[in-house]
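Undergrad: structure.pdb is the file, holding PDB, C-alpha atoms:
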MODEL        1
ATOM      1  CA  MET A  54       0.206  71.118 -24.008
ATOM      2  CA  THR A  55      -3.582  70.653 -24.105
ATOM      3  CA  ILE A  56      -3.345  67.126 -22.687
ATOM      4  CA  ARG A  57      -1.180  68.351 -19.811
ATOM      5  CA  ARG A  58      -3.718  71.043 -18.969
ATOM      6  CA  LEU A  59      -6.552  68.506 -19.064
ATOM      7  CA  ILE A  60      -4.653  66.164 -16.742
ATOM      8  CA  LEU A  61      -3.768  69.026 -14.411
ATOM      9  CA  LEU A  62      -7.372  70.210 -14.318
ATOM     10  CA  SER A  63      -8.558  66.657 -13.606
ATOM     11  CA  LEU A  64      -6.089  66.342 -10.732
ATOM     12  CA  VAL A  65      -7.245  69.640  -9.240
ATOM     13  CA  VAL A  66     -10.895  68.536  -9.412
ATOM     14  CA  LEU A  67     -10.085  65.163  -7.841
ATOM     15  CA  ALA A  68      -8.034  66.780  -5.090
ATOM     16  CA  ALA A  69     -10.836  69.189  -4.272
ATOM     17  CA  ALA A  70     -13.378  66.343  -4.181
ATOM     18  CA  GLY A  71     -11.097  64.254  -1.952
ATOM     19  CA  CYS A  72     -10.754  67.053   0.583
ATOM     20  CA  SER A  73     -14.496  67.408   0.971
ATOM     21  CA  SER A  74     -16.157  66.048   4.110
ATOM     22  CA  GLY A  75     -18.978  64.626   2.011
ATOM     23  CA  GLY A  76     -21.552  66.534   4.031
ATOM     24  CA  ARG A  77     -20.898  64.569   7.232
ATOM     25  CA  SER A  78     -20.716  66.348  10.516
ATOM     26  CA  ALA A  79     -18.442  65.433  13.373
ATOM     27  CA  SER A  80     -21.408  64.423  15.530
ATOM     28  CA  PRO A  81     -22.976  61.021  14.904
ATOM     29  CA  GLY A  82     -26.454  62.317  14.110
ATOM     30  CA  GLY A  83     -29.652  61.291  15.807
ATOM     31  CA  ASP A  84     -32.416  63.332  17.339
ATOM     32  CA  GLU A  85     -31.716  65.579  20.279
ATOM     33  CA  ASP A  86     -35.235  65.277  21.626
ATOM     34  CA  ASN A  87     -35.906  61.683  20.651
ATOM     35  CA  ASN A  88     -38.046  61.032  23.744
ATOM     36  CA  ASN A  89     -40.759  59.144  21.858
ATOM     37  CA  ALA A  90     -38.470  57.030  19.675
ATOM     38  CA  ALA A  91     -39.086  53.829  21.646
ATOM     39  CA  ALA A  92     -42.835  54.295  21.281
ATOM     40  CA  SER A  93     -42.724  54.246  17.483
ATOM     41  CA  GLY A  94     -41.914  50.563  16.988
ATOM     42  CA  PRO A  95     -38.525  48.916  16.563
ATOM     43  CA  SER A  96     -36.395  52.056  16.401
ATOM     44  CA  GLY A  97     -33.903  51.414  19.146
ATOM     45  CA  GLY A  98     -35.103  54.354  21.242
ATOM     46  CA  ARG A  99     -32.874  56.484  23.447
ATOM     47  CA  GLY A 100     -31.302  58.198  20.394
ATOM     48  CA  VAL A 101     -30.212  54.859  18.950
ATOM     49  CA  ASN A 102     -31.544  54.186  15.470
ATOM     50  CA  GLY A 103     -30.380  52.850  12.145
ATOM     51  CA  ILE A 104     -29.193  56.219  10.899
ATOM     52  CA  SER A 105     -27.160  57.270  13.936
ATOM     53  CA  VAL A 106     -25.539  53.843  14.288
ATOM     54  CA  SER A 107     -24.847  53.699  10.519
ATOM     55  CA  ASN A 108     -22.958  56.979  10.663
ATOM     56  CA  CYS A 109     -20.693  55.470  13.315
ATOM     57  CA  LEU A 110     -20.273  52.161  11.446
ATOM     58  CA  ASN A 111     -19.317  53.952   8.242
ATOM     59  CA  LEU A 112     -16.528  55.684  10.153
ATOM     60  CA  GLU A 113     -15.345  52.236  11.297
ATOM     61  CA  ASP A 114     -14.947  50.977   7.687
ATOM     62  CA  PHE A 115     -18.310  49.229   7.472
ATOM     63  CA  LEU A 116     -20.223  49.918   4.260
ATOM     64  CA  VAL A 117     -23.860  50.288   5.278
ATOM     65  CA  GLN A 118     -27.177  51.629   4.069
ATOM     66  CA  PRO A 119     -29.454  52.747   6.893
ATOM     67  CA  SER A 120     -33.100  53.290   7.580
ATOM     68  CA  GLU A 121     -34.642  54.205  10.947
ATOM     69  CA  THR A 122     -35.027  50.585  12.076
ATOM     70  CA  THR A 123     -32.669  48.527   9.894
ATOM     71  CA  ILE A 124     -29.099  48.634   8.647
ATOM     72  CA  ASP A 125     -28.052  46.573   5.631
ATOM     73  CA  GLY A 126     -24.426  46.401   4.638
ATOM     74  CA  THR A 127     -21.031  44.786   4.668
ATOM     75  CA  SER A 128     -18.496  44.468   7.466
ATOM     76  CA  PRO A 129     -14.850  45.508   7.003
ATOM     77  CA  ASN A 130     -14.065  41.815   6.338
ATOM     78  CA  GLY A 131     -16.656  41.663   3.539
ATOM     79  CA  VAL A 132     -19.453  39.839   5.386
ATOM     80  CA  SER A 133     -22.956  40.938   4.356
ATOM     81  CA  PHE A 134     -25.361  41.522   7.213
ATOM     82  CA  SER A 135     -28.664  43.022   8.263
ATOM     83  CA  LEU A 136     -29.066  44.718  11.654
ATOM     84  CA  VAL A 137     -32.621  45.223  12.949
ATOM     85  CA  PHE A 138     -33.418  47.401  15.973
ATOM     86  CA  TYR A 139     -36.299  46.490  18.296
ATOM     87  CA  LYS A 140     -38.297  48.554  20.760
ATOM     88  CA  THR A 141     -37.008  46.609  23.774
ATOM     89  CA  ASP A 142     -34.256  44.192  24.698
ATOM     90  CA  ALA A 143     -36.936  41.532  25.293
ATOM     91  CA  ALA A 144     -38.332  41.961  21.762
ATOM     92  CA  ALA A 145     -34.822  41.626  20.354
ATOM     93  CA  LYS A 146     -34.226  38.467  22.425
ATOM     94  CA  ALA A 147     -37.493  36.982  21.139
ATOM     95  CA  ALA A 148     -36.525  37.724  17.526
ATOM     96  CA  TYR A 149     -33.016  36.333  18.101
ATOM     97  CA  ALA A 150     -34.479  33.105  19.542
ATOM     98  CA  LYS A 151     -36.082  32.439  16.140
ATOM     99  CA  LYS A 152     -32.741  32.819  14.308
ATOM    100  CA  ASP A 153     -29.886  30.353  13.839
ATOM    101  CA  PRO A 154     -27.216  31.319  16.417
ATOM    102  CA  LYS A 155     -24.511  30.315  13.917
ATOM    103  CA  THR A 156     -25.619  33.079  11.543
ATOM    104  CA  SER A 157     -26.899  35.761  13.890
ATOM    105  CA  ALA A 158     -25.960  37.749  16.979
ATOM    106  CA  LEU A 159     -27.828  39.644  19.667
ATOM    107  CA  VAL A 160     -26.484  43.119  20.425
ATOM    108  CA  GLU A 161     -28.561  44.899  23.092
ATOM    109  CA  ASN A 162     -31.917  45.676  21.454
ATOM    110  CA  ALA A 163     -30.769  44.692  17.960
ATOM    111  CA  VAL A 164     -30.281  41.457  16.031
ATOM    112  CA  VAL A 165     -27.479  41.034  13.495
ATOM    113  CA  ASP A 166     -28.256  38.483  10.769
ATOM    114  CA  PHE A 167     -25.413  37.408   8.487
ATOM    115  CA  LYS A 168     -27.048  34.336   6.948
ATOM    116  CA  GLY A 169     -26.327  33.573   3.297
ATOM    117  CA  ASN A 170     -22.657  34.548   3.064
ATOM    118  CA  PRO A 171     -20.488  32.310   0.889
ATOM    119  CA  SER A 172     -17.584  30.268   2.200
ATOM    120  CA  PRO A 173     -14.208  32.020   1.948
ATOM    121  CA  TYR A 174     -12.800  28.899   0.290
ATOM    122  CA  GLU A 175     -14.037  25.450  -0.739
ATOM    123  CA  GLY A 176     -14.941  23.218   2.189
ATOM    124  CA  ALA A 177     -14.952  26.052   4.733
ATOM    125  CA  PRO A 178     -18.022  27.138   6.691
ATOM    126  CA  PRO A 179     -19.776  30.299   5.489
ATOM    127  CA  ALA A 180     -18.201  33.630   6.390
ATOM    128  CA  LYS A 181     -19.537  35.257   9.545
ATOM    129  CA  ILE A 182     -19.182  38.513  11.434
ATOM    130  CA  SER A 183     -16.165  38.415  13.739
ATOM    131  CA  ASN A 184     -16.298  39.100  17.487
ATOM    132  CA  THR A 185     -14.293  42.278  16.834
ATOM    133  CA  GLU A 186     -16.925  43.511  14.364
ATOM    134  CA  ILE A 187     -19.718  42.671  16.846
ATOM    135  CA  LYS A 188     -17.853  44.757  19.463
ATOM    136  CA  ILE A 189     -17.659  47.672  17.019
ATOM    137  CA  ILE A 190     -21.424  47.438  16.435
ATOM    138  CA  GLN A 191     -21.913  47.386  20.226
ATOM    139  CA  GLN A 192     -19.693  50.469  20.616
ATOM    140  CA  CYS A 193     -21.613  52.344  17.927
ATOM    141  CA  ILE A 194     -24.916  51.550  19.654
ATOM    142  CA  ASP A 195     -23.482  52.635  23.033
ATOM    143  CA  GLU A 196     -22.094  55.892  21.591
ATOM    144  CA  ASN A 197     -25.561  56.889  20.412
ATOM    145  CA  LYS A 198     -27.417  56.314  23.668
ATOM    146  CA  GLU A 199     -28.655  59.448  25.356
TER
ENDMDL
END
Using structure tokens, write down the structure from this file.

TA:
Amino acid sequence: MTIRRLILLSLVVLAAAGCSSGGRSASPGGDEDNNNAAASGPSGGRGVNGISVSNCLNLEDFLVQPSETTIDGTSPNGVSFSLVFYKTDAAAKAAYAKKDPKTSALVENAVVDFKGNPSPYEGAPPAKISNTEIKIIQQCIDENKE
């Protein structure tokens, strides 16, 4: 009887934890009066920053860890990447020009770098972010524009 009660109690605790929202709100975060965001370096400006975009990406099955200017994480297909936001589109283009186009992508005022991923199988090229995943990143950036 004691084991059954322990199992039942454990199930109740797990069920309660699974029903929690984890502290997330329905809105994707960001600053409502983020007028000076673009002036503070590579933050994405216009309400777009690493934190607001990360909230969106996490909802799209990406596993990411944000900061104001950078997102590090893994795509739904398991590709590791780093996403860096720049103050302007021109600054992002300049940073992208220094990267290998086979292992990076330009998304508005951000650069996605997925260099260093292993090959999915022997003899194959290294894994890279898919066009679908790039489109999801683009959508998350667009959703957070003011």

Undergrad: Given the file above and the PyMOL selection byres ((chain A and resi 172-186) around 12), which residues are selected, and can you give them as a ChimeraX atom specification?

TA: /A:110,113-115,126-136,154-160,165-171,187-193

Undergrad: Name the residues in contact with Ala144 of chain A at a cut-off of 10 Å, using all atoms listed in the file, excluding same-chain residues fewer than 4 positions from it; report them as a list of chain:residue names.

TA: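 My reading of the contact set: A:Pro95, A:Phe138, A:Tyr139, A:Lys140, A:Ala148, A:Tyr149, A:Ala150, A:Asn162, A:Ala163, A:Val164.
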
Undergrad: Rank A:Ile124, A:Ile194, A:Leu116, A:Ala145 by their smallest atom-to-atom distance to Gly103 of chain A, using all atoms listed in the file, and report the top residue only.

TA: A:Ile124

Undergrad: Mind pulling up the distance from atom CA of Ala143 of chain A to atom CA of Cys109 of chain A?

TA: 24.5 Å

Undergrad: Give me, please, the distance in Å between atom CA of Lys198 of chain A and atom CA of Val101 of chain A, quoted to one decimal.

TA: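 About the pair atom CA of Lys198 of chain A and atom CA of Val101 of chain A: they are 5.7 Å apart.
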
Undergrad: Take atom CA of Lys146 of chain A and atom CA of Asn111 of chain A and report the distance between them in Å, one decimal.

TA: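 The value is 25.8 Å.
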